[in-house]
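Notes follow the structure.
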Amino acid sequence: MHQKTVFALRICFGASLLLFFACSAPVVLQESKGNMAGGPCQYQKVIGFARITFVGTAGSQEYNCPNQAQKVLFSFYPDNEGAVKNYLFPGWADEGNSLSVAGGANPPAAWVASQGLEPGVQIPCIRAEIVSGTCTPVVFSFPGLDMESAIEECWRQH
């Protein structure tokens, strides 16, 4: 009887180790346009605009571009006010969102200024809500902003 118990314990220990290593393996995320991770994904789009509500120095503990990062907050307003009733993720707020670049970083000050981002400014915006896949549930994109130059400015050596 003792041998059966030892054998069972070894099997449980081995299975536990296998489960531990399988669960602790690094996760690889695939980034695509709009800071989405995972994939392939499809989104339902809600067209509207964003009103910038705050621009100021980003906190040093945040994920920042190294060139004088700015915290840029905005609120989203759909062109069709009735669209809010059809949100797939109604709990995902349209207010107090942070505009980010380069994989989620707060943007550099020079880029913020070059895009004319300051409180009260309105810019075209799209709220995209996931309908299939394993990406970020809600993503905001800004078709009027030059996001490529944001990435370049983020890592520019001064």
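Chain labels follow the order of the structure tokens: the first chain is A, the next B, and so on; residue numbering restarts at 1 in every chain, and ligands are counted from 1 in their shown order.
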
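By chain and then residue number, the residues within 7 Å of stretch 91-101 of chain A are Val72, Leu73, Phe74, Ser75, Phe76, Phe89, Gly103, Gly104, Ala105, Asn106, Pro107, Met147, Ala150 and Ile151 of chain A, counting only C-alpha atoms and disregarding those fewer than 2 positions away in sequence.
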
Keeping C-alpha atoms, export the residues of the selection given above as a short mmCIF file (atom, residue, chain, number, x, y, z; two decimals), in the first residue's frame.
data_model
loop_
_atom_site.label_atom_id
_atom_site.label_comp_id
_atom_site.auth_asym_id
_atom_site.auth_seq_id
_atom_site.Cartn_x
_atom_site.Cartn_y
_atom_site.Cartn_z
CA VAL A 72 -3.52 63.81 -22.42
CA LEU A 73 -7.06 63.02 -21.27
CA PHE A 74 -10.14 63.05 -23.48
CA SER A 75 -13.84 62.28 -23.56
CA PHE A 76 -15.47 60.54 -26.53
CA PHE A 89 -19.21 47.36 -23.49
CA GLY A 103 2.28 50.85 -27.51
CA GLY A 104 0.48 52.67 -24.70
CA ALA A 105 2.94 55.36 -23.62
CA ASN A 106 2.07 58.93 -22.70
CA PRO A 107 3.09 61.05 -25.74
CA MET A 147 0.61 58.62 -34.94
CA ALA A 150 4.41 60.35 -32.37
CA ILE A 151 6.44 57.15 -32.36
#

Strand (DSSP E) per DSSP on the backbone: members of stretch 59-95 of chain A, as a PyMOL selection string: chain A and resi 70-78

9 Å contact set for stretch 123-138 of chain A, only C-alpha atoms, chain neighbours under 6 positions out, as a PyMOL selection string: chain A and resi 35-52+76-78+87-89+92+94+117+144-145

In stretch 39-147 of chain A, DSSP helix (DSSP H, G or I) residues written as a ChimeraX atom specification: /A:81-86,109-114,147

Distance in Å - atom CA of A:Glu118 versus atom CA of A:Gln70: 10.9 Å
